[in-house]
file structure-v4.pdb (PDB, C-alpha atoms)
ATOM      1  CA  MET A 109     -14.363 -45.121   9.589
ATOM      2  CA  PRO A 110     -12.430 -43.109  12.220
ATOM      3  CA  GLN A 111      -9.247 -44.658  13.439
ATOM      4  CA  ASP A 112      -9.055 -45.676  17.094
ATOM      5  CA  THR A 113      -6.488 -43.233  18.497
ATOM      6  CA  ARG A 114      -5.570 -45.694  21.254
ATOM      7  CA  ASP A 115      -3.752 -47.737  18.602
ATOM      8  CA  VAL A 116      -1.814 -44.749  17.247
ATOM      9  CA  LYS A 117       1.652 -44.121  18.644
ATOM     10  CA  PRO A 118       2.176 -40.703  20.275
ATOM     11  CA  ASP A 119       4.720 -39.611  17.646
ATOM     12  CA  ALA A 120       2.297 -40.490  14.838
ATOM     13  CA  ARG A 121      -0.448 -38.594  16.656
ATOM     14  CA  SER A 122       1.728 -35.520  17.103
ATOM     15  CA  ARG A 123       2.845 -35.729  13.458
ATOM     16  CA  ARG A 124      -0.803 -35.868  12.344
ATOM     17  CA  ARG A 125      -1.625 -32.944  14.632
ATOM     18  CA  GLU A 126       1.187 -30.927  13.052
ATOM     19  CA  GLU A 127      -0.068 -31.852   9.569
ATOM     20  CA  ARG A 128      -3.574 -30.657  10.490
ATOM     21  CA  ARG A 129      -2.142 -27.439  11.885
ATOM     22  CA  THR A 130      -0.225 -26.877   8.626
ATOM     23  CA  GLU A 131      -3.406 -27.483   6.626
ATOM     24  CA  MET A 132      -5.200 -24.899   8.745
ATOM     25  CA  VAL A 133      -2.432 -22.341   8.217
ATOM     26  CA  SER A 134      -2.685 -22.900   4.451
ATOM     27  CA  ALA A 135      -6.441 -22.422   4.657
ATOM     28  CA  ALA A 136      -5.864 -19.227   6.659
ATOM     29  CA  VAL A 137      -3.544 -17.905   3.939
ATOM     30  CA  GLU A 138      -6.209 -18.610   1.315
ATOM     31  CA  ALA A 139      -8.885 -16.946   3.464
ATOM     32  CA  ILE A 140      -6.658 -13.887   3.882
ATOM     33  CA  ARG A 141      -6.171 -13.721   0.118
ATOM     34  CA  GLU A 142      -9.920 -13.908  -0.404
ATOM     35  CA  HIS A 143     -11.187 -11.707   2.446
ATOM     36  CA  GLY A 144      -8.210  -9.481   3.245
ATOM     37  CA  PRO A 145      -6.204  -9.020   6.451
ATOM     38  CA  GLY A 146      -9.330  -8.430   8.560
ATOM     39  CA  VAL A 147     -10.554 -11.964   7.886
ATOM     40  CA  ALA A 148     -12.680 -13.454  10.652
ATOM     41  CA  VAL A 149     -11.672 -16.655  12.401
ATOM     42  CA  ALA A 150     -15.009 -18.124  11.285
ATOM     43  CA  GLN A 151     -14.016 -17.458   7.651
ATOM     44  CA  ILE A 152     -10.675 -19.163   8.223
ATOM     45  CA  ALA A 153     -12.381 -22.161   9.801
ATOM     46  CA  ALA A 154     -14.820 -22.329   6.875
ATOM     47  CA  ALA A 155     -11.927 -22.216   4.399
ATOM     48  CA  ALA A 156     -10.372 -25.150   6.259
ATOM     49  CA  GLY A 157     -13.679 -27.032   6.245
ATOM     50  CA  ILE A 158     -13.853 -27.110  10.035
ATOM     51  CA  THR A 159     -15.548 -25.259  12.879
ATOM     52  CA  LYS A 160     -14.019 -22.589  15.092
ATOM     53  CA  PRO A 161     -13.824 -24.942  18.101
ATOM     54  CA  VAL A 162     -11.785 -27.408  16.027
ATOM     55  CA  LEU A 163      -9.500 -24.581  14.912
ATOM     56  CA  TYR A 164      -9.002 -23.519  18.532
ATOM     57  CA  ARG A 165      -7.997 -27.074  19.481
ATOM     58  CA  HIS A 166      -4.916 -26.501  17.340
ATOM     59  CA  PHE A 167      -4.243 -22.833  18.160
ATOM     60  CA  ALA A 168      -4.385 -21.298  21.623
ATOM     61  CA  ASP A 169      -5.995 -18.103  20.359
ATOM     62  CA  ARG A 170      -6.145 -15.774  17.354
ATOM     63  CA  ALA A 171      -2.640 -14.480  18.120
ATOM     64  CA  ASP A 172      -1.274 -18.036  17.981
ATOM     65  CA  LEU A 173      -2.900 -18.532  14.568
ATOM     66  CA  GLN A 174      -1.553 -15.164  13.365
ATOM     67  CA  ARG A 175       1.925 -16.130  14.548
ATOM     68  CA  ALA A 176       1.736 -19.426  12.628
ATOM     69  CA  VAL A 177       0.551 -17.626   9.478
ATOM     70  CA  SER A 178       3.362 -15.070   9.856
ATOM     71  CA  GLU A 179       5.954 -17.829  10.218
ATOM     72  CA  HIS A 180       4.537 -19.522   7.123
ATOM     73  CA  ALA A 181       4.747 -16.251   5.155
ATOM     74  CA  ALA A 182       8.335 -15.679   6.329
ATOM     75  CA  ASP A 183       9.278 -19.201   5.214
ATOM     76  CA  MET A 184       7.701 -18.615   1.802
ATOM     77  CA  LEU A 185       9.585 -15.337   1.447
ATOM     78  CA  MET A 186      12.912 -16.886   2.423
ATOM     79  CA  GLN A 187      12.388 -19.676  -0.131
ATOM     80  CA  ARG A 188      12.204 -16.945  -2.766
ATOM     81  CA  ILE A 189      15.101 -14.887  -1.414
ATOM     82  CA  TYR A 190      17.738 -17.579  -0.750
ATOM     83  CA  PRO A 191      18.162 -18.573  -4.423
ATOM     84  CA  VAL A 192      18.495 -14.902  -5.380
ATOM     85  CA  LEU A 193      21.303 -14.421  -2.876
ATOM     86  CA  ALA A 194      23.126 -17.480  -4.221
ATOM     87  CA  ILE A 195      23.680 -15.974  -7.669
ATOM     88  CA  ASP A 196      26.957 -14.282  -8.495
ATOM     89  CA  ALA A 197      25.979 -10.631  -8.855
ATOM     90  CA  GLU A 198      26.824  -7.138  -7.781
ATOM     91  CA  PRO A 199      25.339  -5.984  -4.445
ATOM     92  CA  ILE A 200      22.896  -3.634  -6.165
ATOM     93  CA  GLU A 201      21.664  -6.525  -8.310
ATOM     94  CA  HIS A 202      21.156  -8.617  -5.170
ATOM     95  CA  VAL A 203      19.164  -5.819  -3.557
ATOM     96  CA  ALA A 204      17.001  -5.401  -6.653
ATOM     97  CA  ALA A 205      16.441  -9.163  -6.894
ATOM     98  CA  VAL A 206      15.499  -9.408  -3.184
ATOM     99  CA  VAL A 207      13.055  -6.505  -3.558
ATOM    100  CA  ASP A 208      11.555  -8.194  -6.639
ATOM    101  CA  ALA A 209      11.209 -11.471  -4.710
ATOM    102  CA  TYR A 210       9.540  -9.645  -1.821
ATOM    103  CA  LEU A 211       7.139  -7.739  -4.037
ATOM    104  CA  GLY A 212       6.395 -10.936  -5.946
ATOM    105  CA  MET A 213       4.954 -12.373  -2.775
TER     106      MET A 213
END
call {"tool": "encode", "arguments": {"input": "structure-v4.pdb", "output": "structure tokens"}}
result
Amino acid sequence: MPQDTRDVKPDARSRRREERRTEMVSAAVEAIREHGPGVAVAQIAAAAGITKPVLYRHFADRADLQRAVSEHAADMLMQRIYPVLAIDAEPIEHVAAVVDAYLGM
């Protein structure tokens, strides 16, 4: 049964909205993996199990969704690169390790 949003505090509502947005970005990443970079918004919505209008309640437009996906990809890349930079190694080894981490994405 749907929860009455009048009883939900604004911070809980905004936290849930952010969680939904994150879920949609993850679905977009999966849709991109499956359909390639030219994926349609309808395919992204389908991957998220929602409709396009629901998707657009969370993203202003396609560019906003693309920006969120790009930020997610950058975060994933940095999670791979930071540990590599923390090792004690020669600069050339760091460069090779960073390139490997990037290509591993």
call {"tool": "resolve_selection", "arguments": {"input": "structure-v4.pdb", "expression": "the PyMOL selection byres ((chain A and resi 178-180) around 12)", "output": "VMD selection string"}}
result
chain A and resid 129 to 137 140 145 171 to 177 181 to 187
call {"tool": "closest_residue", "arguments": {"input": "structure-v4.pdb", "among": "A:Ile189, A:Arg141, A:Arg170, A:Arg128", "to": "Gly212 of chain A", "atoms": "all atoms listed in the file"}}
result
A:Ile189
call {"tool": "atom_distance", "arguments": {"input": "structure-v4.pdb", "atom1": "atom CA of His166 of chain A", "atom2": "atom CA of Glu126 of chain A"}}
result
8.7 Å
call {"tool": "atom_distance", "arguments": {"input": "structure-v4.pdb", "atom1": "atom CA of Arg125 of chain A", "atom2": "atom CA of Arg165 of chain A"}}
result
9.9 Å
call {"tool": "residues_near_point", "arguments": {"input": "structure-v4.pdb", "point": "(13.0, -11.8, -3.6)", "cutoff": "7 Å", "atoms": "only C-alpha atoms", "output": "list in words"}}
result
Arg188, Ile189, Val192, Ala205, Val206, Val207, Asp208, Ala209 and Tyr210 of chain A
call {"tool": "atom_distance", "arguments": {"input": "structure-v4.pdb", "atom1": "atom CA of Ala120 of chain A", "atom2": "atom CA of Leu163 of chain A"}}
result
19.8 Å
call {"tool": "closest_residue", "arguments": {"input": "structure-v4.pdb", "among": "A:Ala168, A:Val162, A:Leu211, A:Ala154", "to": "Glu138 of chain A", "atoms": "all atoms listed in the file"}}
result
A:Ala154
call {"tool": "closest_residue", "arguments": {"input": "structure-v4.pdb", "among": "A:Tyr164, A:Ala194, A:Arg123, A:Ala204", "to": "Ala150 of chain A", "atoms": "all atoms listed in the file"}}
result
A:Tyr164
call {"tool": "axis_aligned_box", "arguments": {"input": "structure-v4.pdb", "around": "segment 181-192 of chain A", "padding_each_side": "3 Å", "output": "JSON"}}
result
{"center_x": 11.6, "center_y": -17.3, "center_z": 0.5, "size_x": 19.7, "size_y": 10.8, "size_z": 17.7}
call {"tool": "build_atoms", "arguments": {"input": "structure-v4.pdb", "residues": "segment 174-208 of chain A", "atoms": "N, CA and C atoms", "output": "PDB file, keeping the file's coordinate frame"}}
result
ATOM      1  N   GLN A 174      -2.245 -16.223  14.109  1.00  0.00           N
ATOM      2  CA  GLN A 174      -1.553 -15.164  13.365  1.00  0.00           C
ATOM      3  C   GLN A 174      -0.048 -15.397  13.351  1.00  0.00           C
ATOM      4  N   ARG A 175       0.494 -15.838  14.469  1.00  0.00           N
ATOM      5  CA  ARG A 175       1.925 -16.130  14.548  1.00  0.00           C
ATOM      6  C   ARG A 175       2.292 -17.263  13.578  1.00  0.00           C
ATOM      7  N   ALA A 176       1.472 -18.302  13.533  1.00  0.00           N
ATOM      8  CA  ALA A 176       1.736 -19.426  12.628  1.00  0.00           C
ATOM      9  C   ALA A 176       1.652 -18.986  11.168  1.00  0.00           C
ATOM     10  N   VAL A 177       0.678 -18.140  10.849  1.00  0.00           N
ATOM     11  CA  VAL A 177       0.551 -17.626   9.478  1.00  0.00           C
ATOM     12  C   VAL A 177       1.754 -16.743   9.138  1.00  0.00           C
ATOM     13  N   SER A 178       2.191 -15.933  10.083  1.00  0.00           N
ATOM     14  CA  SER A 178       3.362 -15.070   9.856  1.00  0.00           C
ATOM     15  C   SER A 178       4.616 -15.899   9.622  1.00  0.00           C
ATOM     16  N   GLU A 179       4.798 -16.945  10.401  1.00  0.00           N
ATOM     17  CA  GLU A 179       5.954 -17.829  10.218  1.00  0.00           C
ATOM     18  C   GLU A 179       5.900 -18.500   8.852  1.00  0.00           C
ATOM     19  N   HIS A 180       4.712 -18.910   8.442  1.00  0.00           N
ATOM     20  CA  HIS A 180       4.537 -19.522   7.123  1.00  0.00           C
ATOM     21  C   HIS A 180       4.905 -18.524   6.022  1.00  0.00           C
ATOM     22  N   ALA A 181       4.437 -17.283   6.151  1.00  0.00           N
ATOM     23  CA  ALA A 181       4.747 -16.251   5.155  1.00  0.00           C
ATOM     24  C   ALA A 181       6.242 -15.965   5.116  1.00  0.00           C
ATOM     25  N   ALA A 182       6.887 -15.915   6.275  1.00  0.00           N
ATOM     26  CA  ALA A 182       8.335 -15.679   6.329  1.00  0.00           C
ATOM     27  C   ALA A 182       9.084 -16.823   5.648  1.00  0.00           C
ATOM     28  N   ASP A 183       8.646 -18.046   5.870  1.00  0.00           N
ATOM     29  CA  ASP A 183       9.278 -19.201   5.214  1.00  0.00           C
ATOM     30  C   ASP A 183       9.133 -19.119   3.699  1.00  0.00           C
ATOM     31  N   MET A 184       7.926 -18.751   3.247  1.00  0.00           N
ATOM     32  CA  MET A 184       7.701 -18.615   1.802  1.00  0.00           C
ATOM     33  C   MET A 184       8.609 -17.542   1.213  1.00  0.00           C
ATOM     34  N   LEU A 185       8.744 -16.428   1.921  1.00  0.00           N
ATOM     35  CA  LEU A 185       9.585 -15.337   1.447  1.00  0.00           C
ATOM     36  C   LEU A 185      11.045 -15.772   1.380  1.00  0.00           C
ATOM     37  N   MET A 186      11.509 -16.454   2.409  1.00  0.00           N
ATOM     38  CA  MET A 186      12.912 -16.886   2.423  1.00  0.00           C
ATOM     39  C   MET A 186      13.185 -17.907   1.316  1.00  0.00           C
ATOM     40  N   GLN A 187      12.211 -18.733   0.977  1.00  0.00           N
ATOM     41  CA  GLN A 187      12.388 -19.676  -0.131  1.00  0.00           C
ATOM     42  C   GLN A 187      12.579 -18.943  -1.453  1.00  0.00           C
ATOM     43  N   ARG A 188      12.023 -17.753  -1.561  1.00  0.00           N
ATOM     44  CA  ARG A 188      12.204 -16.945  -2.766  1.00  0.00           C
ATOM     45  C   ARG A 188      13.519 -16.163  -2.726  1.00  0.00           C
ATOM     46  N   ILE A 189      13.926 -15.749  -1.536  1.00  0.00           N
ATOM     47  CA  ILE A 189      15.101 -14.887  -1.414  1.00  0.00           C
ATOM     48  C   ILE A 189      16.411 -15.682  -1.456  1.00  0.00           C
ATOM     49  N   TYR A 190      16.479 -16.824  -0.801  1.00  0.00           N
ATOM     50  CA  TYR A 190      17.738 -17.579  -0.750  1.00  0.00           C
ATOM     51  C   TYR A 190      18.336 -17.870  -2.125  1.00  0.00           C
ATOM     52  N   PRO A 191      17.566 -18.323  -3.101  1.00  0.00           N
ATOM     53  CA  PRO A 191      18.162 -18.573  -4.423  1.00  0.00           C
ATOM     54  C   PRO A 191      18.712 -17.305  -5.070  1.00  0.00           C
ATOM     55  N   VAL A 192      18.049 -16.185  -4.819  1.00  0.00           N
ATOM     56  CA  VAL A 192      18.495 -14.902  -5.380  1.00  0.00           C
ATOM     57  C   VAL A 192      19.853 -14.516  -4.798  1.00  0.00           C
ATOM     58  N   LEU A 193      20.039 -14.772  -3.519  1.00  0.00           N
ATOM     59  CA  LEU A 193      21.303 -14.421  -2.876  1.00  0.00           C
ATOM     60  C   LEU A 193      22.446 -15.347  -3.301  1.00  0.00           C
ATOM     61  N   ALA A 194      22.094 -16.511  -3.826  1.00  0.00           N
ATOM     62  CA  ALA A 194      23.126 -17.480  -4.221  1.00  0.00           C
ATOM     63  C   ALA A 194      23.748 -17.161  -5.580  1.00  0.00           C
ATOM     64  N   ILE A 195      23.123 -16.284  -6.352  1.00  0.00           N
ATOM     65  CA  ILE A 195      23.680 -15.974  -7.669  1.00  0.00           C
ATOM     66  C   ILE A 195      24.887 -15.049  -7.529  1.00  0.00           C
ATOM     67  N   ASP A 196      25.782 -15.141  -8.484  1.00  0.00           N
ATOM     68  CA  ASP A 196      26.957 -14.282  -8.495  1.00  0.00           C
ATOM     69  C   ASP A 196      26.548 -12.967  -9.152  1.00  0.00           C
ATOM     70  N   ALA A 197      26.443 -11.922  -8.343  1.00  0.00           N
ATOM     71  CA  ALA A 197      25.979 -10.631  -8.855  1.00  0.00           C
ATOM     72  C   ALA A 197      26.553  -9.509  -8.005  1.00  0.00           C
ATOM     73  N   GLU A 198      26.423  -8.327  -8.517  1.00  0.00           N
ATOM     74  CA  GLU A 198      26.824  -7.138  -7.781  1.00  0.00           C
ATOM     75  C   GLU A 198      25.822  -6.903  -6.648  1.00  0.00           C
ATOM     76  N   PRO A 199      26.256  -6.235  -5.576  1.00  0.00           N
ATOM     77  CA  PRO A 199      25.339  -5.984  -4.445  1.00  0.00           C
ATOM     78  C   PRO A 199      24.039  -5.301  -4.863  1.00  0.00           C
ATOM     79  N   ILE A 200      24.112  -4.335  -5.750  1.00  0.00           N
ATOM     80  CA  ILE A 200      22.896  -3.634  -6.165  1.00  0.00           C
ATOM     81  C   ILE A 200      21.944  -4.583  -6.888  1.00  0.00           C
ATOM     82  N   GLU A 201      22.502  -5.538  -7.627  1.00  0.00           N
ATOM     83  CA  GLU A 201      21.664  -6.525  -8.310  1.00  0.00           C
ATOM     84  C   GLU A 201      20.992  -7.457  -7.298  1.00  0.00           C
ATOM     85  N   HIS A 202      21.747  -7.804  -6.234  1.00  0.00           N
ATOM     86  CA  HIS A 202      21.156  -8.617  -5.170  1.00  0.00           C
ATOM     87  C   HIS A 202      19.997  -7.877  -4.504  1.00  0.00           C
ATOM     88  N   VAL A 203      20.213  -6.610  -4.202  1.00  0.00           N
ATOM     89  CA  VAL A 203      19.164  -5.819  -3.557  1.00  0.00           C
ATOM     90  C   VAL A 203      17.932  -5.756  -4.463  1.00  0.00           C
ATOM     91  N   ALA A 204      18.137  -5.486  -5.720  1.00  0.00           N
ATOM     92  CA  ALA A 204      17.001  -5.401  -6.653  1.00  0.00           C
ATOM     93  C   ALA A 204      16.286  -6.748  -6.747  1.00  0.00           C
ATOM     94  N   ALA A 205      17.037  -7.830  -6.790  1.00  0.00           N
ATOM     95  CA  ALA A 205      16.441  -9.163  -6.894  1.00  0.00           C
ATOM     96  C   ALA A 205      15.658  -9.520  -5.622  1.00  0.00           C
ATOM     97  N   VAL A 206      16.190  -9.145  -4.459  1.00  0.00           N
ATOM     98  CA  VAL A 206      15.499  -9.408  -3.184  1.00  0.00           C
ATOM     99  C   VAL A 206      14.201  -8.598  -3.138  1.00  0.00           C
ATOM    100  N   VAL A 207      14.257  -7.340  -3.548  1.00  0.00           N
ATOM    101  CA  VAL A 207      13.055  -6.505  -3.558  1.00  0.00           C
ATOM    102  C   VAL A 207      12.032  -7.104  -4.513  1.00  0.00           C
ATOM    103  N   ASP A 208      12.470  -7.555  -5.685  1.00  0.00           N
ATOM    104  CA  ASP A 208      11.555  -8.194  -6.639  1.00  0.00           C
ATOM    105  C   ASP A 208      10.917  -9.447  -6.030  1.00  0.00           C
TER     106      ASP A 208
END
